[in-house]
>>> print(open('upload.tsv').read())   # TSV, C-alpha atoms
chain	number	residue	atom	x	y	z
A	65	MET	CA	-128.01	-139.46	21.81
A	66	ASP	CA	-124.74	-137.48	21.76
A	67	ILE	CA	-123.43	-133.98	21.11
A	68	ARG	CA	-122.73	-134.79	17.45
A	69	GLN	CA	-126.37	-135.73	16.90
A	70	LEU	CA	-127.62	-132.60	18.68
A	71	ALA	CA	-125.34	-130.41	16.53
A	72	ALA	CA	-126.74	-132.08	13.42
A	73	PHE	CA	-130.30	-131.52	14.64
A	74	VAL	CA	-129.69	-127.80	15.35
A	75	ALA	CA	-128.11	-127.29	11.93
A	76	VAL	CA	-131.06	-128.90	10.11
A	77	PHE	CA	-133.60	-127.07	12.30
A	78	GLU	CA	-132.00	-123.70	11.55
A	79	GLU	CA	-131.30	-124.30	7.86
A	80	ARG	CA	-134.57	-126.16	7.15
A	81	ASN	CA	-132.58	-128.00	4.49
A	82	ILE	CA	-130.51	-131.18	4.71
A	83	THR	CA	-128.08	-130.14	1.96
A	84	ALA	CA	-127.42	-126.69	3.47
A	85	ALA	CA	-127.00	-128.19	6.94
A	86	ALA	CA	-124.54	-130.79	5.61
A	87	GLN	CA	-122.46	-128.04	4.00
A	88	ARG	CA	-122.51	-126.07	7.27
A	89	LEU	CA	-121.23	-129.07	9.20
A	90	PHE	CA	-118.76	-130.18	6.49
A	91	VAL	CA	-120.31	-133.66	6.22
A	92	SER	CA	-122.01	-135.48	3.38
A	93	GLN	CA	-125.78	-135.34	2.98
A	94	PRO	CA	-126.24	-139.13	3.48
A	95	THR	CA	-124.13	-139.01	6.66
A	96	LEU	CA	-126.24	-136.17	8.07
A	97	SER	CA	-129.48	-137.98	7.18
A	98	VAL	CA	-128.28	-141.09	9.03
A	99	THR	CA	-127.31	-139.00	12.08
A	100	ILE	CA	-130.77	-137.38	12.22
A	101	ARG	CA	-132.47	-140.76	11.85
A	102	GLN	CA	-130.37	-142.16	14.72
A	103	LEU	CA	-131.42	-139.23	16.92
A	104	GLU	CA	-135.08	-139.74	16.04
A	105	GLU	CA	-134.79	-143.44	16.90
A	106	ALA	CA	-133.09	-142.60	20.22
A	107	LEU	CA	-135.87	-140.14	21.12
A	108	GLY	CA	-138.69	-142.26	19.71
A	109	THR	CA	-140.18	-139.40	17.72
A	110	GLU	CA	-140.06	-137.83	14.28
A	111	LEU	CA	-138.25	-134.50	14.20
A	112	PHE	CA	-138.40	-133.47	10.56
A	113	LEU	CA	-140.96	-133.96	7.78
A	114	ARG	CA	-139.14	-134.30	4.46
A	115	GLN	CA	-140.53	-132.03	1.72
A	116	ALA	CA	-139.62	-131.59	-1.95
A	117	ARG	CA	-137.76	-128.39	-1.04
A	118	GLY	CA	-136.19	-128.81	2.37
A	119	VAL	CA	-137.80	-130.07	5.58
A	120	GLU	CA	-140.59	-129.04	7.91
A	121	VAL	CA	-140.07	-129.23	11.66
A	122	SER	CA	-142.34	-131.20	13.93
A	123	GLU	CA	-143.73	-130.09	17.28
A	124	ALA	CA	-141.23	-132.42	18.93
A	125	ALA	CA	-138.41	-130.62	17.11
A	126	ARG	CA	-139.71	-127.23	18.30
A	127	ALA	CA	-139.66	-128.50	21.87
A	128	LEU	CA	-136.19	-130.02	21.51
A	129	TYR	CA	-134.50	-127.04	19.83
A	130	PRO	CA	-133.98	-124.71	22.84
A	131	ARG	CA	-132.78	-127.61	25.00
A	132	ALA	CA	-130.39	-128.76	22.28
A	133	ARG	CA	-128.95	-125.25	21.88
A	134	ALA	CA	-128.45	-125.00	25.65
A	135	LEU	CA	-126.66	-128.36	25.78
A	136	LEU	CA	-124.38	-127.42	22.88
A	137	ALA	CA	-123.55	-124.08	24.55
A	138	GLU	CA	-122.68	-125.88	27.77
A	139	ALA	CA	-120.46	-128.34	25.91
A	140	ASP	CA	-118.67	-125.44	24.16
A	141	GLY	CA	-118.17	-123.76	27.52
A	142	LEU	CA	-116.53	-126.87	28.94
A	143	ARG	CA	-114.23	-127.18	25.94
A	144	ASN	CA	-113.21	-123.52	26.16
A	145	MET	CA	-112.57	-123.79	29.89
A	146	PHE	CA	-110.09	-126.61	29.44
A	147	ARG	CA	-108.53	-125.05	26.35
A	148	GLN	CA	-107.86	-121.89	28.35
A	149	ALA	CA	-106.46	-123.90	31.26
A	150	SER	CA	-104.10	-125.79	28.95
A	151	ALA	CA	-102.96	-122.49	27.42
A	152	HIS	CA	-101.79	-121.11	30.78
A	153	GLN	CA	-98.05	-120.73	31.22
A	154	PRO	CA	-97.20	-121.87	34.75
A	155	LEU	CA	-94.39	-120.21	36.70
A	156	HIS	CA	-93.33	-121.25	40.20
A	157	LEU	CA	-91.54	-118.20	41.61
A	158	GLY	CA	-89.68	-118.11	44.92
A	159	VAL	CA	-89.32	-114.87	46.91
A	160	GLU	CA	-86.42	-114.45	49.31
A	161	GLY	CA	-83.83	-112.05	50.69
A	162	ASP	CA	-86.02	-109.59	52.62
A	163	VAL	CA	-87.70	-108.22	49.50
A	164	SER	CA	-90.32	-105.59	50.32
A	165	ALA	CA	-94.02	-106.20	49.74
A	166	GLU	CA	-94.11	-103.29	47.27
A	167	GLN	CA	-91.31	-104.81	45.21
A	168	VAL	CA	-93.03	-108.20	45.17
A	169	GLU	CA	-96.20	-106.57	43.85
A	170	ARG	CA	-94.28	-104.60	41.21
A	171	PHE	CA	-92.41	-107.72	40.09
A	172	VAL	CA	-95.66	-109.66	39.74
A	173	GLY	CA	-96.88	-106.86	37.48
A	174	LEU	CA	-93.73	-107.18	35.35
A	175	ALA	CA	-94.18	-110.95	35.13
A	176	GLN	CA	-97.76	-110.53	33.94
A	177	GLN	CA	-96.60	-108.14	31.22
A	178	ALA	CA	-93.81	-110.48	30.17
A	179	VAL	CA	-95.68	-113.81	30.04
A	180	PRO	CA	-99.10	-113.98	28.35
A	181	ASN	CA	-101.73	-116.00	30.21
A	182	LEU	CA	-99.40	-116.46	33.20
A	183	LEU	CA	-100.36	-118.94	35.92
A	184	LEU	CA	-98.19	-117.77	38.81
A	185	HIS	CA	-97.37	-119.69	41.99
A	186	LEU	CA	-95.56	-117.59	44.61
A	187	GLU	CA	-93.71	-119.19	47.50
A	188	GLU	CA	-91.28	-117.87	50.07
A	189	GLY	CA	-87.75	-119.21	50.09
A	190	CYS	CA	-85.16	-120.74	47.77
A	191	VAL	CA	-87.71	-122.64	45.69
A	192	GLY	CA	-89.33	-122.61	42.29
A	193	ASP	CA	-88.35	-122.31	38.64
A	194	ALA	CA	-86.71	-118.93	39.43
A	195	ARG	CA	-86.62	-116.44	42.31
A	196	LEU	CA	-87.12	-112.79	43.06
A	197	ALA	CA	-84.11	-112.23	45.27
A	198	VAL	CA	-81.33	-109.96	46.41
A	199	GLU	CA	-78.22	-110.62	44.33
A	200	GLU	CA	-76.20	-111.80	47.31
A	201	PHE	CA	-78.72	-114.62	47.84
A	202	CYS	CA	-77.97	-116.16	44.43
A	203	CYS	CA	-75.85	-119.31	44.37
A	204	GLU	CA	-72.47	-119.25	42.61
A	205	ASP	CA	-73.69	-121.18	39.56
A	206	GLU	CA	-76.85	-119.08	39.09
A	207	LEU	CA	-77.51	-116.13	36.80
A	208	PHE	CA	-78.89	-112.79	37.95
A	209	VAL	CA	-80.91	-110.17	36.06
A	210	PRO	CA	-81.00	-106.91	38.06
A	211	VAL	CA	-84.29	-105.02	38.21
A	212	TRP	CA	-83.86	-102.44	41.02
A	213	GLU	CA	-81.09	-100.83	43.03
A	214	ASP	CA	-82.04	-100.45	46.68
A	215	PRO	CA	-79.80	-98.19	48.84
A	216	TYR	CA	-79.26	-98.84	52.54
A	217	VAL	CA	-80.34	-96.04	54.88
A	218	LEU	CA	-80.27	-95.29	58.59
A	219	ALA	CA	-83.60	-96.46	60.06
A	220	LEU	CA	-84.53	-94.59	63.25
A	221	PRO	CA	-87.25	-95.50	65.75
A	222	PRO	CA	-89.97	-92.98	66.66
A	223	GLY	CA	-88.64	-89.97	68.59
A	224	VAL	CA	-84.96	-90.82	68.12
A	225	GLU	CA	-82.59	-88.42	66.36
A	226	ASP	CA	-79.48	-90.57	65.93
A	227	ALA	CA	-78.14	-94.08	66.44
A	228	GLN	CA	-75.69	-93.01	69.16
A	229	SER	CA	-78.52	-92.33	71.61
A	230	SER	CA	-80.49	-95.50	70.88
A	231	GLY	CA	-77.93	-98.20	70.03
A	232	TRP	CA	-77.81	-100.56	67.07
A	233	ILE	CA	-79.92	-103.47	65.96
A	234	THR	CA	-77.73	-105.78	63.87
A	235	CYS	CA	-78.19	-108.96	61.80
A	236	PRO	CA	-74.93	-110.85	62.36
A	237	THR	CA	-75.97	-113.92	60.32
A	238	HIS	CA	-77.23	-111.91	57.35
A	239	PRO	CA	-74.97	-111.60	54.25
A	240	SER	CA	-75.08	-107.79	54.53
A	241	HIS	CA	-73.57	-107.71	58.02
A	242	GLN	CA	-69.91	-107.57	56.99
A	243	ARG	CA	-70.60	-104.70	54.58
A	244	LEU	CA	-72.27	-102.65	57.33
A	245	MET	CA	-69.89	-103.18	60.26
A	246	THR	CA	-67.83	-100.07	59.55
A	247	ALA	CA	-70.98	-97.92	59.81
A	248	TYR	CA	-71.84	-98.99	63.37
A	249	GLY	CA	-69.08	-96.97	65.01
A	250	GLY	CA	-68.89	-97.02	68.80
A	251	ALA	CA	-72.61	-97.18	69.65
A	252	PRO	CA	-73.64	-100.35	71.54
A	253	VAL	CA	-75.61	-103.24	70.01
A	254	VAL	CA	-78.97	-103.39	71.80
A	255	ALA	CA	-80.64	-106.19	69.81
A	256	GLN	CA	-80.04	-108.68	67.01
A	257	ALA	CA	-82.27	-110.21	64.32
A	258	SER	CA	-81.88	-112.97	61.76
A	259	THR	CA	-83.49	-111.04	58.91
A	260	LEU	CA	-83.72	-107.42	57.84
A	261	ASN	CA	-87.50	-107.49	58.10
A	262	LEU	CA	-87.27	-108.63	61.71
A	263	ALA	CA	-84.73	-105.89	62.40
A	264	LEU	CA	-87.24	-103.39	60.99
A	265	ARG	CA	-89.86	-104.67	63.45
A	266	LEU	CA	-87.43	-104.04	66.31
A	267	VAL	CA	-86.77	-100.50	65.08
A	268	SER	CA	-90.51	-99.86	64.77
A	269	ALA	CA	-90.95	-101.08	68.34
A	270	GLY	CA	-88.45	-98.47	69.54
A	271	VAL	CA	-85.68	-100.89	70.53
A	272	GLY	CA	-82.93	-99.16	68.56
A	273	ALA	CA	-81.69	-98.01	65.15
A	274	ALA	CA	-80.58	-100.13	62.20
A	275	ILE	CA	-79.12	-99.80	58.72
A	276	LEU	CA	-81.70	-101.23	56.35
A	277	PRO	CA	-82.67	-101.13	52.67
A	278	ALA	CA	-84.78	-98.05	51.93
A	279	SER	CA	-87.52	-100.16	50.29
A	280	LEU	CA	-88.31	-101.93	53.56
A	281	LEU	CA	-89.13	-98.74	55.45
A	282	SER	CA	-92.41	-98.34	53.56
A	283	GLY	CA	-93.66	-101.31	55.59
A	284	ALA	CA	-93.20	-99.45	58.90
A	285	PRO	CA	-94.73	-95.94	58.82
A	286	ALA	CA	-93.39	-95.07	62.30
A	287	VAL	CA	-89.78	-95.62	61.21
A	288	ARG	CA	-88.02	-92.70	59.54
A	289	SER	CA	-84.77	-92.56	57.66
A	290	GLY	CA	-81.78	-90.58	58.85
A	291	SER	CA	-78.32	-89.88	57.49
A	292	LEU	CA	-74.80	-90.98	58.38
A	293	ASN	CA	-71.58	-89.16	57.59
A	294	LEU	CA	-70.30	-92.03	55.46
A	295	PRO	CA	-71.40	-93.85	52.29
A	296	LEU	CA	-73.74	-96.82	52.67
A	297	PRO	CA	-73.92	-99.82	50.32
A	298	ILE	CA	-76.58	-100.48	47.69
A	299	ARG	CA	-78.16	-103.86	47.11
A	300	ARG	CA	-79.58	-105.12	43.80
A	301	ILE	CA	-82.86	-106.98	43.50
A	302	GLY	CA	-83.89	-109.02	40.49
A	303	LEU	CA	-84.45	-112.41	38.89
A	304	CYS	CA	-82.19	-115.23	40.09
A	305	HIS	CA	-82.22	-118.49	38.12
A	306	SER	CA	-80.13	-121.39	36.90
A	307	ALA	CA	-78.99	-121.60	33.29
A	308	GLN	CA	-81.20	-124.66	32.78
A	309	ALA	CA	-84.26	-122.69	33.92
A	310	LEU	CA	-84.18	-120.72	30.65
A	311	GLU	CA	-85.55	-123.86	28.96
A	312	HIS	CA	-88.80	-123.19	30.87
A	313	PRO	CA	-91.02	-121.06	28.56
A	314	ALA	CA	-92.27	-118.73	31.29
A	315	VAL	CA	-88.78	-118.18	32.75
A	316	ARG	CA	-87.41	-117.48	29.27
A	317	GLY	CA	-90.20	-115.01	28.58
A	318	LEU	CA	-89.63	-113.20	31.86
A	319	TYR	CA	-85.84	-113.23	31.36
A	320	ASP	CA	-86.08	-111.74	27.87
A	321	PHE	CA	-88.55	-109.08	29.04
A	322	LEU	CA	-86.35	-107.98	31.94
A	323	ARG	CA	-83.22	-107.91	29.78
A	324	THR	CA	-84.84	-105.54	27.27
A	325	ALA	CA	-87.06	-103.49	29.60
>>> encode(input="upload.tsv", output="structure tokens")
Amino acid sequence: MDIRQLAAFVAVFEERNITAAAQRLFVSQPTLSVTIRQLEEALGTELFLRQARGVEVSEAARALYPRARALLAEADGLRNMFRQASAHQPLHLGVEGDVSAEQVERFVGLAQQAVPNLLLHLEEGCVGDARLAVEEFCCEDELFVPVWEDPYVLALPPGVEDAQSSGWITCPTHPSHQRLMTAYGGAPVVAQASTLNLALRLVSAGVGAAILPASLLSGAPAVRSGSLNLPLPIRRIGLCHSAQALEHPAVRGLYDFLRTA
């Protein structure tokens, strides 16, 4: 007994006619008759009583019908599950460069709009088919599609009015450090961090002030932004990828969406 035989049985049971059931299943009448006979032999019982006009169902057929329908529904569910899985468009996306949690969430929303049936894998670092990154974290041979501009601001710890009275927290190994050195003035350096997010944690703890992207401050409610009497740089955040990555369907879909959005 197999699914094909059960489908044939259900069609004959519902149509009460071999010819109509054969047309429904797009098979010949002799083929359907053989299939029903094989099922009857497998079950050891007669399912249909042949009449001059159609067939009559036996008690065994009445007992089998709901079970057969349930088995067919379960088989359809399995097929649909794997069809849907195969239709997913996978995208392995790296996240790096001190991108804020809010921006990660907003970018995921954009990716879902851009790529139908997206199967997204997020991972921190320089990994994946493409990356959500600050432009300065892109390699020389990579392409960059900007999404947001993120200005740097003065980040002050609780109860502090200016950086002169608290001292600076700097990130000497971060790519932004050289761009910010002229803003530090004569105030002392009181702490250092390897990332902007870690510098934000030091500001929030009251250690000192820092110059940080405005988007990061939403992750530290106690930190407030202040002003300096000089212009501060702006960083760009967007999609970073190699040229070859555009051959990946999901990357191409996201790239095209961002370019036209």
>>> closest_residue(input="upload.tsv", among="A:Ala178, A:Val163, A:Leu142, A:Ala307", to="A:Phe201", atoms="only C-alpha atoms")
A:Val163
>>> atom_distance(input="upload.tsv", atom1="atom CA of A:Gly189", atom2="atom CA of A:Asp162")
10.1 Å
>>> atom_distance(input="upload.tsv", atom1="atom CA of A:Leu264", atom2="atom CA of A:Ser291")
16.6 Å
>>> closest_residue(input="upload.tsv", among="A:Val254, A:Leu322, A:Met245, A:Ala194", to="A:Leu310", atoms="only C-alpha atoms")
A:Ala194
>>> residues_around(input="upload.tsv", residues="A:Ala309", least_positions_apart="5", cutoff="8 Å", atoms="only C-alpha atoms", output="list in words")
Asp193, Ala194, Val315 and Arg316 of chain A
>>> atom_distance(input="upload.tsv", atom1="atom CA of A:Val267", atom2="atom CA of A:Ala284")
9.0 Å
>>> closest_residue(input="upload.tsv", among="A:Gly250, A:Gly118, A:Pro313, A:Gly192", to="A:Phe77", atoms="only C-alpha atoms")
A:Gly118
>>> residues_around(input="upload.tsv", residues="stretch 202-215 of chain A", least_positions_apart="4", cutoff="12 Å", atoms="only C-alpha atoms", output="PyMOL selection string")
chain A and resi 158-164+167-168+170-171+174-175+189-191+193-198+219+239+275-281+289+295-310+315-316+318-325
>>> closest_residue(input="upload.tsv", among="A:Pro236, A:Pro221, A:Gly290, A:Gly283", to="A:Ala269", atoms="only C-alpha atoms")
A:Pro221
>>> residues_around(input="upload.tsv", residues="A:Pro130", least_positions_apart="3", cutoff="12 Å", atoms="only C-alpha atoms", output="list in words")
Leu70, Phe73, Val74, Phe77, Glu78, Ala124, Ala125, Arg126, Ala127, Arg133, Ala134, Leu135, Leu136 and Ala137 of chain A
>>> residues_around(input="upload.tsv", residues="A:Ala75", least_positions_apart="4", cutoff="10 Å", atoms="all atoms listed in the file", output="ChimeraX atom specification")
/A:69-71,79-82,84-89,96
>>> closest_residue(input="upload.tsv", among="A:Glu225, A:Glu169, A:Glu188, A:Asp66", to="A:Leu103", atoms="all atoms listed in the file")
A:Asp66
>>> residues_around(input="upload.tsv", residues="A:Ala314", least_positions_apart="6", cutoff="12 Å", atoms="only C-alpha atoms", output="PyMOL selection string")
chain A and resi 151-157+175-185+193-194+320-321
>>> closest_residue(input="upload.tsv", among="A:Ile100, A:Ala132, A:Cys235, A:Val76", to="A:Glu120", atoms="only C-alpha atoms")
A:Val76
>>> decode(input="upload.tsv", residues="stretch 265-319 of chain A", atoms="C-alpha atoms", output="compact mmCIF listing (two decimals), in the first residue's frame")
# COMPACT_ATOMS: atom_id res chain seq x y z
CA ARG A 265 30.44 51.58 28.50
CA LEU A 266 33.27 53.55 30.13
CA VAL A 267 31.39 56.82 29.61
CA SER A 268 28.23 55.29 31.07
CA ALA A 269 30.24 54.17 34.10
CA GLY A 270 31.34 57.77 34.70
CA VAL A 271 35.01 57.30 33.82
CA GLY A 272 35.19 60.18 31.35
CA ALA A 273 33.87 61.69 28.11
CA ALA A 274 34.29 60.40 24.56
CA ILE A 275 33.51 61.34 20.97
CA LEU A 276 31.21 58.64 19.65
CA PRO A 277 28.67 58.05 16.87
CA ALA A 278 25.27 59.44 17.85
CA SER A 279 23.54 56.12 17.07
CA LEU A 280 25.43 54.33 19.84
CA LEU A 281 24.17 56.63 22.60
CA SER A 282 20.69 55.09 22.43
CA GLY A 283 22.24 52.00 24.03
CA ALA A 284 23.25 53.94 27.17
CA PRO A 285 20.37 56.03 28.58
CA ALA A 286 22.58 57.62 31.26
CA VAL A 287 24.93 59.10 28.65
CA ARG A 288 23.95 62.44 27.14
CA SER A 289 25.32 64.26 24.15
CA GLY A 290 27.09 67.60 24.39
CA SER A 291 28.58 70.03 21.91
CA LEU A 292 32.09 71.06 20.94
CA ASN A 293 33.14 74.32 19.31
CA LEU A 294 34.45 72.53 16.23
CA PRO A 295 33.03 70.29 13.49
CA LEU A 296 33.00 66.54 14.11
CA PRO A 297 33.21 63.85 11.42
CA ILE A 298 30.35 61.74 10.09
CA ARG A 299 30.60 58.02 9.46
CA ARG A 300 28.60 56.06 6.86
CA ILE A 301 27.00 52.70 7.55
CA GLY A 302 25.82 50.32 4.87
CA LEU A 303 26.32 47.12 2.91
CA CYS A 304 29.93 46.04 2.33
CA HIS A 305 30.57 43.22 -0.15
CA SER A 306 32.92 41.89 -2.78
CA ALA A 307 32.11 42.20 -6.47
CA GLN A 308 31.78 38.42 -6.71
CA ALA A 309 29.15 38.43 -3.95
CA LEU A 310 26.65 39.99 -6.39
CA GLU A 311 26.39 36.55 -8.02
CA HIS A 312 24.64 35.41 -4.82
CA PRO A 313 20.87 35.88 -5.40
CA ALA A 314 20.13 37.26 -1.93
CA VAL A 315 23.08 39.68 -2.00
CA ARG A 316 22.05 40.88 -5.45
CA GLY A 317 18.47 41.40 -4.30
CA LEU A 318 19.58 43.35 -1.24
CA TYR A 319 22.08 45.37 -3.29
